[in-house]
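Listing of query12.csv, CSV, C-alpha atoms and all ligand atoms
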chain,number,residue,atom,x,y,z
A,133,MET,CA,263.2,91.4,106.3
A,134,ASN,CA,262.0,93.8,108.9
A,135,ASN,CA,264.4,96.6,108.3
A,136,LYS,CA,262.9,99.2,110.6
A,137,ILE,CA,263.1,96.8,113.6
A,138,ILE,CA,266.6,95.7,112.7
A,139,ASN,CA,267.7,99.3,112.5
A,140,ASN,CA,266.2,99.8,116.0
A,141,PHE,CA,268.3,96.9,117.3
A,142,LYS,CA,271.4,98.3,115.6
A,143,SER,CA,270.8,101.6,117.4
A,144,TYR,CA,270.0,100.7,121.0
A,145,LEU,CA,271.8,97.4,121.2
A,146,CYS,CA,275.5,96.5,121.0
A,147,PRO,CA,277.3,93.2,120.4
A,148,PRO,CA,276.9,90.4,123.0
A,149,GLY,CA,279.1,91.1,126.1
A,150,ALA,CA,279.8,94.7,125.1
A,151,GLY,CA,277.1,96.3,127.3
A,152,VAL,CA,279.5,97.5,129.9
A,153,PHE,CA,281.1,100.6,128.3
A,154,THR,CA,284.9,100.1,128.5
A,155,VAL,CA,287.9,100.4,126.2
A,156,ASN,CA,290.2,97.7,127.4
A,157,THR,CA,288.8,96.2,130.6
A,158,ALA,CA,287.8,92.6,130.2
A,159,LYS,CA,289.2,92.5,126.6
A,160,GLU,CA,290.3,88.8,127.0
A,161,ARG,CA,286.9,87.7,128.2
A,162,LYS,CA,285.3,89.5,125.3
A,163,ASP,CA,287.7,88.0,122.8
A,164,SER,CA,287.0,84.5,124.1
A,165,LEU,CA,283.2,85.2,123.8
A,166,TYR,CA,283.6,86.4,120.2
A,167,LYS,CA,285.7,83.4,119.2
A,168,SER,CA,282.9,81.1,120.5
A,169,LEU,CA,280.1,83.2,118.9
A,170,TYR,CA,281.6,84.4,115.6
A,171,GLY,CA,284.8,82.3,115.1
A,172,SER,CA,287.2,85.2,115.8
A,173,SER,CA,287.3,88.5,117.5
A,174,GLU,CA,287.8,90.4,114.3
A,175,ASN,CA,285.0,92.6,112.7
A,176,VAL,CA,282.6,91.7,115.6
A,177,ASP,CA,280.3,94.7,114.9
A,178,GLU,CA,279.8,93.6,111.3
A,179,LYS,CA,279.2,89.9,112.2
A,180,TRP,CA,276.8,90.9,114.9
A,181,LYS,CA,274.8,93.1,112.5
A,182,LEU,CA,274.7,90.4,109.9
A,183,SER,CA,273.3,87.9,112.5
A,184,PHE,CA,270.0,89.9,112.6
A,185,GLU,CA,269.1,88.3,109.3
A,186,LYS,CA,268.8,85.0,111.0
A,187,LEU,CA,266.3,86.4,113.5
A,188,GLU,CA,263.6,86.3,110.8
A,189,SER,CA,263.4,82.5,111.0
A,190,ALA,CA,264.4,82.1,114.6
A,191,LYS,CA,262.3,79.9,116.9
A,192,GLY,CA,262.9,79.6,120.6
A,193,SER,CA,265.2,81.6,122.9
A,194,VAL,CA,266.5,85.0,122.1
A,195,LEU,CA,269.3,85.9,124.5
A,196,LEU,CA,269.5,89.5,125.6
A,197,GLY,CA,272.1,91.0,128.0
A,198,VAL,CA,271.1,93.9,130.3
A,199,CYS,CA,274.3,95.2,132.0
A,200,SER,CA,272.6,97.7,134.3
A,201,ASP,CA,273.1,97.6,138.0
A,202,CYS,CA,272.1,101.2,138.6
A,203,GLY,CA,268.9,99.8,140.3
A,204,GLY,CA,270.9,97.9,142.8
A,205,GLY,CA,271.7,99.5,146.1
A,206,ILE,CA,273.9,97.5,148.4
A,207,GLN,CA,276.7,95.9,146.6
A,208,ARG,CA,276.7,96.4,142.8
A,209,GLY,CA,278.6,94.5,140.2
A,210,ALA,CA,275.8,92.6,138.3
A,211,ASN,CA,276.7,94.8,135.3
A,212,TRP,CA,279.3,92.0,134.5
A,213,GLY,CA,276.7,89.2,134.6
A,214,PRO,CA,275.9,89.1,130.8
A,215,LEU,CA,279.6,88.8,129.7
A,216,PHE,CA,280.7,86.3,132.3
A,217,LEU,CA,277.5,84.1,132.2
A,218,ARG,CA,277.6,83.9,128.4
A,219,ASN,CA,281.2,82.5,128.6
A,220,THR,CA,280.1,79.9,131.2
A,221,LEU,CA,277.1,79.0,129.1
A,222,LEU,CA,279.2,78.5,126.0
A,223,ASN,CA,281.8,76.4,128.0
A,224,ASP,CA,279.6,74.3,130.1
A,225,HIS,CA,276.5,73.9,127.8
A,226,LYS,CA,277.9,73.6,124.3
A,227,GLU,CA,274.8,71.9,122.9
A,228,LEU,CA,272.5,74.7,123.9
A,229,ARG,CA,270.8,76.6,121.1
A,230,TYR,CA,269.7,80.3,121.2
A,231,HIS,CA,269.9,83.5,119.1
A,232,ASP,CA,272.1,86.0,120.9
A,233,ILE,CA,270.8,89.4,119.9
A,234,GLY,CA,273.4,91.4,122.0
A,235,ASP,CA,273.3,93.8,125.0
A,236,ILE,CA,271.3,96.8,125.7
A,237,ARG,CA,273.5,99.9,125.4
A,238,VAL,CA,273.8,101.1,129.0
A,239,ILE,CA,274.7,104.6,130.3
A,240,PRO,CA,275.6,103.4,133.8
A,241,HIS,CA,274.4,106.5,135.6
A,242,LEU,CA,270.9,106.2,134.4
A,243,LEU,CA,268.0,104.0,135.4
A,244,HIS,CA,264.7,105.0,133.7
A,245,ASP,CA,263.9,107.9,131.4
A,246,LYS,CA,261.1,109.2,133.6
A,247,TYR,CA,263.7,110.3,136.2
A,248,LEU,CA,265.6,112.5,133.7
A,249,ASN,CA,265.2,116.2,132.7
A,250,GLU,CA,265.0,117.3,129.1
A,251,GLY,CA,268.6,118.5,128.9
A,252,THR,CA,270.0,115.2,130.2
A,253,ILE,CA,267.8,113.3,127.8
A,254,GLN,CA,269.0,115.3,124.8
A,255,SER,CA,272.7,115.1,125.7
A,256,CYS,CA,272.3,111.3,126.2
A,257,LYS,CA,270.5,110.9,122.9
A,258,ASN,CA,273.3,112.8,121.3
A,259,ALA,CA,275.9,110.5,122.9
A,260,LEU,CA,274.0,107.2,122.1
A,261,TYR,CA,272.4,108.0,118.8
A,262,GLN,CA,274.2,111.2,117.5
A,263,GLU,CA,270.8,112.9,117.4
A,264,LYS,CA,269.5,115.0,120.2
A,265,ASP,CA,265.9,114.5,119.2
A,266,SER,CA,266.1,110.7,118.6
A,267,VAL,CA,262.9,108.7,119.1
A,268,TYR,CA,264.8,106.1,121.2
A,269,PRO,CA,264.9,106.1,125.0
A,270,VAL,CA,268.3,106.5,126.8
A,271,ALA,CA,268.1,104.8,130.2
A,272,PRO,CA,268.6,101.1,130.4
A,273,LEU,CA,265.2,100.1,131.8
A,274,SER,CA,263.4,102.3,129.2
A,275,ILE,CA,265.5,100.9,126.3
A,276,THR,CA,264.9,97.3,127.6
A,277,GLU,CA,261.2,97.8,127.5
A,278,LYS,CA,261.3,99.2,123.9
A,279,CYS,CA,263.6,96.3,122.8
A,280,CYS,CA,261.3,93.7,124.3
A,281,ASN,CA,258.2,95.3,122.7
A,282,ASP,CA,260.0,95.4,119.3
A,283,ILE,CA,260.8,91.7,119.7
A,284,TYR,CA,257.4,90.5,120.9
A,285,GLU,CA,255.5,92.6,118.4
A,286,HIS,CA,257.5,91.4,115.3
A,287,TYR,CA,258.8,87.9,116.1
A,288,LYS,CA,256.0,85.6,117.2
A,289,ASP,CA,258.0,82.4,117.6
A,290,VAL,CA,260.5,83.5,120.1
A,291,GLY,CA,260.8,84.2,123.9
A,292,ILE,CA,263.4,86.3,125.5
A,293,PHE,CA,265.9,84.9,128.0
A,294,ALA,CA,267.6,87.9,129.6
A,295,ILE,CA,270.7,88.1,131.7
A,296,GLY,CA,271.0,90.9,134.3
A,297,GLY,CA,272.0,93.2,135.7
A,298,ASP,CA,270.4,93.9,139.0
A,299,HIS,CA,266.8,92.8,139.6
A,300,SER,CA,265.3,96.2,138.4
A,301,VAL,CA,265.8,95.0,134.8
A,302,SER,CA,263.0,92.5,135.3
A,303,TYR,CA,260.6,95.4,135.5
A,304,PRO,CA,260.6,96.1,131.7
A,305,LEU,CA,261.3,92.4,130.8
A,306,VAL,CA,258.2,91.1,132.7
A,307,LYS,CA,256.0,94.1,131.9
A,308,SER,CA,256.5,93.8,128.2
A,309,TRP,CA,256.1,90.0,128.2
A,310,ILE,CA,252.8,90.2,130.1
A,311,GLN,CA,251.4,93.0,128.0
A,312,ASN,CA,252.2,91.3,124.8
A,313,LYS,CA,250.9,87.9,125.9
A,314,ARG,CA,247.7,89.4,127.1
A,315,LYS,CA,247.2,91.1,123.7
A,316,ASP,CA,247.5,87.6,122.3
A,317,GLY,CA,244.8,86.4,124.6
A,318,LYS,CA,247.1,84.3,126.9
A,319,LYS,CA,246.6,83.9,130.6
A,320,VAL,CA,249.9,84.2,132.3
A,321,GLY,CA,251.7,83.9,135.6
A,322,ILE,CA,255.1,84.8,137.2
A,323,ILE,CA,257.4,82.3,139.0
A,324,HIS,CA,259.9,84.3,141.1
A,325,PHE,CA,263.0,82.8,142.8
A,326,ASP,CA,264.6,85.1,145.4
A,327,ALA,CA,265.9,85.4,148.9
A,328,HIS,CA,264.0,88.7,149.2
A,329,THR,CA,260.4,89.6,148.4
A,330,ASP,CA,261.2,92.6,146.1
A,331,LEU,CA,257.8,94.0,147.2
A,332,LEU,CA,258.8,97.5,148.3
A,333,ARG,CA,256.6,100.2,146.8
A,334,GLU,CA,259.6,102.5,146.7
A,335,ARG,CA,263.1,102.7,148.2
A,336,LEU,CA,264.5,106.1,149.2
A,337,GLY,CA,261.8,107.7,146.9
A,338,ILE,CA,262.7,105.6,143.9
A,339,ASP,CA,259.9,103.4,142.7
A,340,LEU,CA,261.8,101.2,140.2
A,341,CYS,CA,264.7,99.4,141.8
A,342,PHE,CA,266.0,95.9,142.8
A,343,GLY,CA,263.8,95.8,145.9
A,344,SER,CA,260.6,97.0,144.2
A,345,TRP,CA,260.3,95.9,140.6
A,346,LEU,CA,257.8,93.1,141.3
A,347,THR,CA,255.3,95.5,143.0
A,348,HIS,CA,255.1,97.5,139.8
A,349,VAL,CA,254.5,94.5,137.4
A,350,LEU,CA,252.0,92.6,139.6
A,351,GLY,CA,249.2,94.9,138.5
A,352,GLU,CA,249.8,93.8,134.9
A,353,LEU,CA,248.6,90.3,135.8
A,354,GLU,CA,244.9,89.5,135.7
A,355,SER,CA,245.3,88.5,139.3
A,356,PRO,CA,248.3,88.6,141.7
A,357,LYS,CA,247.3,85.1,142.7
A,358,SER,CA,249.1,83.9,139.5
A,359,CYS,CA,252.5,85.0,141.0
A,360,TYR,CA,254.5,82.5,143.1
A,361,GLN,CA,257.6,83.2,145.0
A,362,PHE,CA,260.2,80.6,146.2
A,363,GLY,CA,263.2,80.9,148.4
A,364,ILE,CA,262.3,83.9,150.5
A,365,ARG,CA,264.3,84.1,153.8
A,366,SER,CA,265.4,87.7,154.4
A,367,SER,CA,262.5,89.9,155.2
A,368,GLY,CA,261.4,92.2,158.0
A,369,LYS,CA,257.8,90.9,157.8
A,370,ASP,CA,256.4,87.4,157.7
A,371,ARG,CA,254.8,85.5,154.9
A,372,ALA,CA,251.2,86.2,156.0
A,373,TYR,CA,251.9,90.0,155.8
A,374,TRP,CA,253.1,89.8,152.2
A,375,GLU,CA,250.4,87.4,151.0
A,376,ASN,CA,247.6,89.5,152.6
A,377,GLU,CA,249.1,92.8,151.4
A,378,PHE,CA,249.8,91.8,147.8
A,379,GLY,CA,247.6,88.7,147.1
A,380,LEU,CA,250.4,86.6,145.7
A,381,ASN,CA,251.7,83.2,146.9
A,382,GLN,CA,254.9,83.0,148.9
A,383,TYR,CA,257.0,80.0,149.8
A,384,TRP,CA,260.0,80.7,152.0
A,385,ALA,CA,263.1,78.5,151.7
A,386,LYS,CA,262.1,76.7,154.8
A,387,ASP,CA,258.6,76.0,153.4
A,388,VAL,CA,260.2,74.5,150.3
A,389,LYS,CA,262.2,72.1,152.5
A,390,GLU,CA,259.3,71.3,154.8
A,391,ILE,CA,256.8,70.5,152.1
A,392,GLY,CA,259.5,69.1,149.7
A,393,PRO,CA,260.1,70.8,146.3
A,394,GLN,CA,258.4,68.1,144.3
A,395,GLU,CA,255.2,68.0,146.4
A,396,LEU,CA,255.1,71.8,146.6
A,397,ALA,CA,255.6,72.2,142.8
A,398,LYS,CA,252.8,69.7,142.1
A,399,ASN,CA,250.4,71.7,144.2
A,400,VAL,CA,251.5,75.0,142.6
A,401,THR,CA,251.1,73.5,139.1
A,402,GLN,CA,247.6,72.3,139.9
A,403,GLU,CA,246.7,75.8,141.2
A,404,LEU,CA,248.1,77.4,138.1
A,405,LEU,CA,246.1,75.0,135.9
A,406,ASP,CA,242.9,75.7,137.9
A,407,GLN,CA,243.4,79.4,137.3
A,408,GLY,CA,243.6,78.7,133.6
A,409,ILE,CA,247.2,79.8,133.2
A,410,ASP,CA,248.7,79.1,129.8
A,411,GLU,CA,252.3,80.3,130.2
A,412,VAL,CA,254.7,81.5,132.9
A,413,TYR,CA,257.6,83.8,133.1
A,414,VAL,CA,260.5,82.7,135.4
A,415,SER,CA,262.5,85.5,137.1
A,416,PHE,CA,265.5,84.0,138.9
A,417,ASP,CA,267.5,86.1,141.3
A,418,ILE,CA,270.7,84.1,142.0
A,419,ASP,CA,270.5,84.9,145.7
A,420,ALA,CA,267.6,82.4,145.9
A,421,ILE,CA,270.5,79.9,146.0
A,422,ASP,CA,272.3,79.2,149.2
A,423,SER,CA,275.3,81.6,149.6
A,424,SER,CA,277.7,78.6,150.0
A,425,LEU,CA,277.1,77.9,146.3
A,426,ALA,CA,276.3,81.4,145.0
A,427,PRO,CA,278.3,84.0,147.0
A,428,ALA,CA,279.1,86.3,144.0
A,429,THR,CA,276.0,88.5,144.2
A,430,GLY,CA,275.0,91.8,145.8
A,431,THR,CA,273.1,90.3,148.8
A,432,PRO,CA,274.1,86.7,149.4
A,433,GLU,CA,272.0,84.9,152.0
A,434,ALA,CA,272.6,81.6,153.9
A,435,GLU,CA,270.0,78.8,154.4
A,436,GLY,CA,268.8,79.1,150.8
A,437,LEU,CA,267.7,76.8,148.1
A,438,PHE,CA,269.9,74.3,146.3
A,439,PRO,CA,270.1,74.1,142.5
A,440,HIS,CA,268.5,70.6,142.4
A,441,GLU,CA,265.5,71.9,144.5
A,442,CYS,CA,265.0,74.8,142.1
A,443,LEU,CA,265.3,72.6,139.0
A,444,MET,CA,262.8,70.1,140.6
A,445,ILE,CA,260.3,72.9,141.0
A,446,LEU,CA,260.8,74.3,137.5
A,447,LYS,CA,260.6,70.8,135.9
A,448,GLU,CA,257.4,69.9,137.6
A,449,ILE,CA,255.7,73.2,136.6
A,450,ASN,CA,257.1,73.0,133.1
A,451,SER,CA,255.8,69.5,132.7
A,452,LYS,CA,252.3,71.0,132.4
A,453,ILE,CA,252.7,74.7,131.7
A,454,LYS,CA,255.0,76.4,129.2
A,455,ILE,CA,257.8,78.7,130.2
A,456,THR,CA,257.9,81.2,127.4
A,457,ALA,CA,260.4,83.8,128.8
A,458,ALA,CA,262.8,84.1,131.7
A,459,ASP,CA,265.7,85.9,133.3
A,460,MET,CA,268.8,85.3,135.4
A,461,VAL,CA,269.8,88.3,137.4
A,462,GLU,CA,272.1,89.6,140.2
A,463,ILE,CA,275.1,87.5,139.3
A,464,ALA,CA,278.0,89.8,140.2
A,465,PRO,CA,281.1,87.7,139.2
A,466,LEU,CA,283.7,90.1,140.7
A,467,VAL,CA,282.0,90.6,144.0
A,468,GLY,CA,283.7,88.8,146.9
A,469,ASN,CA,287.1,88.8,145.1
A,470,ASP,CA,287.1,85.0,145.4
A,471,LYS,CA,287.7,83.0,142.2
A,472,ALA,CA,286.1,79.7,143.5
A,473,GLY,CA,283.0,81.5,144.7
A,474,SER,CA,282.7,83.4,141.4
A,475,ASP,CA,283.1,80.2,139.4
A,476,SER,CA,280.6,78.3,141.5
A,477,THR,CA,278.0,81.2,141.2
A,478,LEU,CA,278.5,81.2,137.4
A,479,GLN,CA,278.2,77.4,137.1
A,480,VAL,CA,275.0,77.3,139.1
A,481,GLY,CA,273.6,80.3,137.3
A,482,ALA,CA,274.5,78.7,133.9
A,483,SER,CA,272.9,75.3,134.8
A,484,ILE,CA,269.6,76.9,135.7
A,485,SER,CA,269.8,79.3,132.7
A,486,ALA,CA,270.4,76.3,130.4
A,487,TYR,CA,267.3,74.6,131.7
A,488,LEU,CA,265.3,77.8,131.2
A,489,ILE,CA,266.6,78.4,127.7
A,490,GLU,CA,265.7,74.8,126.7
A,491,ALA,CA,262.3,75.3,128.2
A,492,ILE,CA,261.7,78.4,126.1
A,493,ASN,CA,263.0,76.5,123.0
A,494,ASN,CA,260.6,73.7,123.7
A,495,ALA,CA,257.7,76.1,124.2
A,496,HIS,CA,258.2,77.5,120.7
A,497,ASN,CA,258.5,74.3,118.7
A,501,MN,MN,265.6,90.1,143.6
Can you give me the file's structure in the form of structure tokens?
Ligand SMILES: [Mn+2]
Amino acid sequence: MNNKIINNFKSYLCPPGAGVFTVNTAKERKDSLYKSLYGSSENVDEKWKLSFEKLESAKGSVLLGVCSDCGGGIQRGANWGPLFLRNTLLNDHKELRYHDIGDIRVIPHLLHDKYLNEGTIQSCKNALYQEKDSVYPVAPLSITEKCCNDIYEHYKDVGIFAIGGDHSVSYPLVKSWIQNKRKDGKKVGIIHFDAHTDLLRERLGIDLCFGSWLTHVLGELESPKSCYQFGIRSSGKDRAYWENEFGLNQYWAKDVKEIGPQELAKNVTQELLDQGIDEVYVSFDIDAIDSSLAPATGTPEAEGLFPHECLMILKEINSKIKITAADMVEIAPLVGNDKAGSDSTLQVGASISAYLIEAINNAHN
């Protein structure tokens, strides 16, 4: 057993669904999750820690919650995504297999360690690890990157499926995945579903946020040509601008409908194969989906993609190219204060997540 790595997990992670730091809020939802995961809501911490032993022989999807929405900027609330989506996954997709490793410990006022002064870092290390000189990072994006590197460096038969959080969490998730795949000699690409391009260089002086994460991982790819975006429809600039400026491929929601999802995905798959791509990462912002079905998110947009169109694209690509890691971000279940809208958002999010988790499982057979 890899004790050092397991100690790392025990230090910077917490049990599934516990990533939002509360005392009593959402207690019923947590209890229901623990009953499904561990049989009861007693001694959760102990059971969660024991579950790391099974990681040694795990193959396929490792589920990780990142309850950070500090990188969001318009309407927050995606910090509740990991707890709520897990419950929907367990209810609606009972047959699904994955190893739930838990949540990143989140200090909700922090984003990345590089924005912090020494005094803040020490007091946060003290709060999280009871040690002001701890070697662990303290801000959610920094901890997430450390966690992903620990997983990819020590467990070769798994891929991470992460639940956000706002879209900034994809920065460490995708960066770590690309760097570790490239170390293993793999050629990799990114498939990104979103209503927005997420291609700002910075927003109000902050370079890592929900609107800019992709800009800062594109450089990790051998070529930006191996990144494909689907569902874009809310942008101040047109498709040609983004493609020329960044060198990636963009298909707006209207392009998907004009060309047809199947036909489009066939062409994209062939292009990826021609580039020699072995594996792709899928980053899925729930706002790619039409706001009639997925209103519980920070920036819902009408005239979007429908779940069957997204699944058609994913299935076509995955018929030839492995999906070895993925994320589902920006589900904010309490936004909109509308139970039907929240349920629908969670159901759609869970059905696409279930497909991605299966795909990651199949890739690690
Ligand atoms: Mn996004």
- Task: For Ile409 in chain A, work out the shell of residues within 9 Å, counting only C-alpha atoms and skipping chain neighbours fewer than 5 positions away, then give it as a PyMOL selection string.
- Result: chain A and resi 318-321+358+403-404+453
- Nearest to ligand MN 501 (chain A), restricted to all atoms listed in the file and choosing among A:Gly297, A:Pro393, A:Gly291, A:Gly192, comes out as A:Gly297
Could you give me, as JSON lines, every chain A residue with an atom at most 9 Å from ligand MN 501 (chain A), plus its closest atom pair and distance in Å to one decimal, counting only C-alpha atoms and all ligand atoms, rows ordered by chain then number?
{"residue": "A:Asp298", "atom": "CA", "partner": "A:MN501", "partner_atom": "MN", "distance": 7.7}
{"residue": "A:His299", "atom": "CA", "partner": "A:MN501", "partner_atom": "MN", "distance": 5.0}
{"residue": "A:Ser300", "atom": "CA", "partner": "A:MN501", "partner_atom": "MN", "distance": 8.0}
{"residue": "A:His324", "atom": "CA", "partner": "A:MN501", "partner_atom": "MN", "distance": 8.5}
{"residue": "A:Phe325", "atom": "CA", "partner": "A:MN501", "partner_atom": "MN", "distance": 7.8}
{"residue": "A:Asp326", "atom": "CA", "partner": "A:MN501", "partner_atom": "MN", "distance": 5.4}
{"residue": "A:Ala327", "atom": "CA", "partner": "A:MN501", "partner_atom": "MN", "distance": 7.1}
{"residue": "A:His328", "atom": "CA", "partner": "A:MN501", "partner_atom": "MN", "distance": 6.0}
{"residue": "A:Thr329", "atom": "CA", "partner": "A:MN501", "partner_atom": "MN", "distance": 7.1}
{"residue": "A:Asp330", "atom": "CA", "partner": "A:MN501", "partner_atom": "MN", "distance": 5.6}
{"residue": "A:Phe342", "atom": "CA", "partner": "A:MN501", "partner_atom": "MN", "distance": 5.9}
{"residue": "A:Gly343", "atom": "CA", "partner": "A:MN501", "partner_atom": "MN", "distance": 6.4}
{"residue": "A:Ser344", "atom": "CA", "partner": "A:MN501", "partner_atom": "MN", "distance": 8.5}
{"residue": "A:Trp345", "atom": "CA", "partner": "A:MN501", "partner_atom": "MN", "distance": 8.4}
{"residue": "A:Leu346", "atom": "CA", "partner": "A:MN501", "partner_atom": "MN", "distance": 8.7}
{"residue": "A:Ser415", "atom": "CA", "partner": "A:MN501", "partner_atom": "MN", "distance": 8.5}
{"residue": "A:Phe416", "atom": "CA", "partner": "A:MN501", "partner_atom": "MN", "distance": 7.7}
{"residue": "A:Asp417", "atom": "CA", "partner": "A:MN501", "partner_atom": "MN", "distance": 5.0}
{"residue": "A:Ile418", "atom": "CA", "partner": "A:MN501", "partner_atom": "MN", "distance": 8.0}
{"residue": "A:Asp419", "atom": "CA", "partner": "A:MN501", "partner_atom": "MN", "distance": 7.4}
{"residue": "A:Ala420", "atom": "CA", "partner": "A:MN501", "partner_atom": "MN", "distance": 8.3}
{"residue": "A:Val461", "atom": "CA", "partner": "A:MN501", "partner_atom": "MN", "distance": 7.7}
{"residue": "A:Glu462", "atom": "CA", "partner": "A:MN501", "partner_atom": "MN", "distance": 7.4}
- Query: By how many Å are CA of Ile484 in chain A and CA of Asp370 in chain A apart?
  - Reply: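 Calculated distance between CA of Ile484 in chain A and CA of Asp370 in chain A is 27.7 Å.
Computed from the coordinates, the CA of Lys136 in chain A to CA of Phe184 in chain A distance equals 11.9 Å.
Interatomic distance, CA of Pro147 in chain A to CA of Val306 in chain A: 22.8 Å.
Proximity to Ser183 in chain A was assessed for A:Tyr383, A:Phe438, A:Tyr170, A:Tyr303 counting all atoms listed in the file; the smallest distance is recorded for A:Tyr170.
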Need to verify the contact set: Lys313 in chain A, 10 Å, only C-alpha atoms, exclusion of same-chain residues closer than 4 positions in sequence. Can you return it as a PDB file with C-alpha atoms, in the frame of the given file?
ATOM      1  CA  TYR A 284     257.400  90.500 120.900  1.00  0.00           C
ATOM      2  CA  GLU A 285     255.500  92.600 118.400  1.00  0.00           C
ATOM      3  CA  SER A 308     256.500  93.800 128.200  1.00  0.00           C
ATOM      4  CA  TRP A 309     256.100  90.000 128.200  1.00  0.00           C
ATOM      5  CA  GLY A 317     244.800  86.400 124.600  1.00  0.00           C
ATOM      6  CA  LYS A 318     247.100  84.300 126.900  1.00  0.00           C
ATOM      7  CA  LYS A 319     246.600  83.900 130.600  1.00  0.00           C
ATOM      8  CA  VAL A 320     249.900  84.200 132.300  1.00  0.00           C
ATOM      9  CA  ASP A 410     248.700  79.100 129.800  1.00  0.00           C
ATOM     10  CA  GLU A 411     252.300  80.300 130.200  1.00  0.00           C
ATOM     11  CA  THR A 456     257.900  81.200 127.400  1.00  0.00           C
TER      12      THR A 456
END
- Excluding same-chain residues fewer than 3 positions from range 142-144 of chain A, what lies within 8 Å of it counting all atoms listed in the file, as a PyMOL selection string? chain A and resi 138-139+181+236-237+260-261+268+275+279
Please produce a file of those selected residues containing C-alpha atoms, as a PDB file, keeping the file's coordinate frame.
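Result file part12.pdb:
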ATOM      1  CA  ILE A 138     266.600  95.700 112.700  1.00  0.00           C
ATOM      2  CA  ASN A 139     267.700  99.300 112.500  1.00  0.00           C
ATOM      3  CA  LYS A 181     274.800  93.100 112.500  1.00  0.00           C
ATOM      4  CA  ILE A 236     271.300  96.800 125.700  1.00  0.00           C
ATOM      5  CA  ARG A 237     273.500  99.900 125.400  1.00  0.00           C
ATOM      6  CA  LEU A 260     274.000 107.200 122.100  1.00  0.00           C
ATOM      7  CA  TYR A 261     272.400 108.000 118.800  1.00  0.00           C
ATOM      8  CA  TYR A 268     264.800 106.100 121.200  1.00  0.00           C
ATOM      9  CA  ILE A 275     265.500 100.900 126.300  1.00  0.00           C
ATOM     10  CA  CYS A 279     263.600  96.300 122.800  1.00  0.00           C
TER      11      CYS A 279
END
- Closest of A:Ile233, A:Val290, A:Cys280, A:Ala495 to Lys191 in chain A - atom-to-atom distances counting only C-alpha atoms: A:Val290
- Nearest to Lys288 in chain A: which of A:Ala158, A:Ala190, A:Leu396, A:Leu443 is it, counting all atoms listed in the file? A:Ala190
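Residues with any atom within 8 Å of the point (280.7, 94.8, 138.9), counting only C-alpha atoms, are A:Arg208, A:Gly209, A:Ala210, A:Asn211, A:Trp212, A:Ala464, A:Pro465, A:Leu466, A:Val467.
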- Item | Residue list as a list in words for point (255.4, 97.7, 147.7), cut-off 7 Å, all atoms listed in the file |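 Looking at atoms near the point gives Leu331, Leu332, Arg333, Glu334, Ser344 and Thr347 of chain A.
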Residue subset to file, keeping C-alpha atoms, as a PDB file, in the frame of the given file:
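again-v8.pdb written:
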ATOM      1  CA  LEU A 331     257.800  94.000 147.200  1.00  0.00           C
ATOM      2  CA  LEU A 332     258.800  97.500 148.300  1.00  0.00           C
ATOM      3  CA  ARG A 333     256.600 100.200 146.800  1.00  0.00           C
ATOM      4  CA  GLU A 334     259.600 102.500 146.700  1.00  0.00           C
ATOM      5  CA  SER A 344     260.600  97.000 144.200  1.00  0.00           C
ATOM      6  CA  THR A 347     255.300  95.500 143.000  1.00  0.00           C
TER       7      THR A 347
END
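Nearest to Asp475 in chain A of all the residues A:Asn249, A:Asn175, A:Thr220, A:Ser193 is A:Thr220, counting only C-alpha atoms.
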- Item | Test item: residues at most 8 Å from range 355-357 of chain A, all atoms listed in the file, excluding those fewer than 5 positions along its chain, as a list in words | Leu350, Phe378, Gly379, Leu380 and Asn381 of chain A
- When distances are computed from all atoms listed in the file, which of A:Leu217, A:Ala385, A:Ile455, A:Leu478 shows the smallest separation from Asn493 in chain A?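 Checking each of A:Leu217, A:Ala385, A:Ile455, A:Leu478 against Asn493 in chain A, counting all atoms listed in the file, the winner is A:Ile455.
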- May I have the residues within 8 Å of Ala486 in chain A as an MDAnalysis selection string, using all atoms listed in the file and disregarding those fewer than 5 positions away in the same chain? chainID A and resid 221 225 228
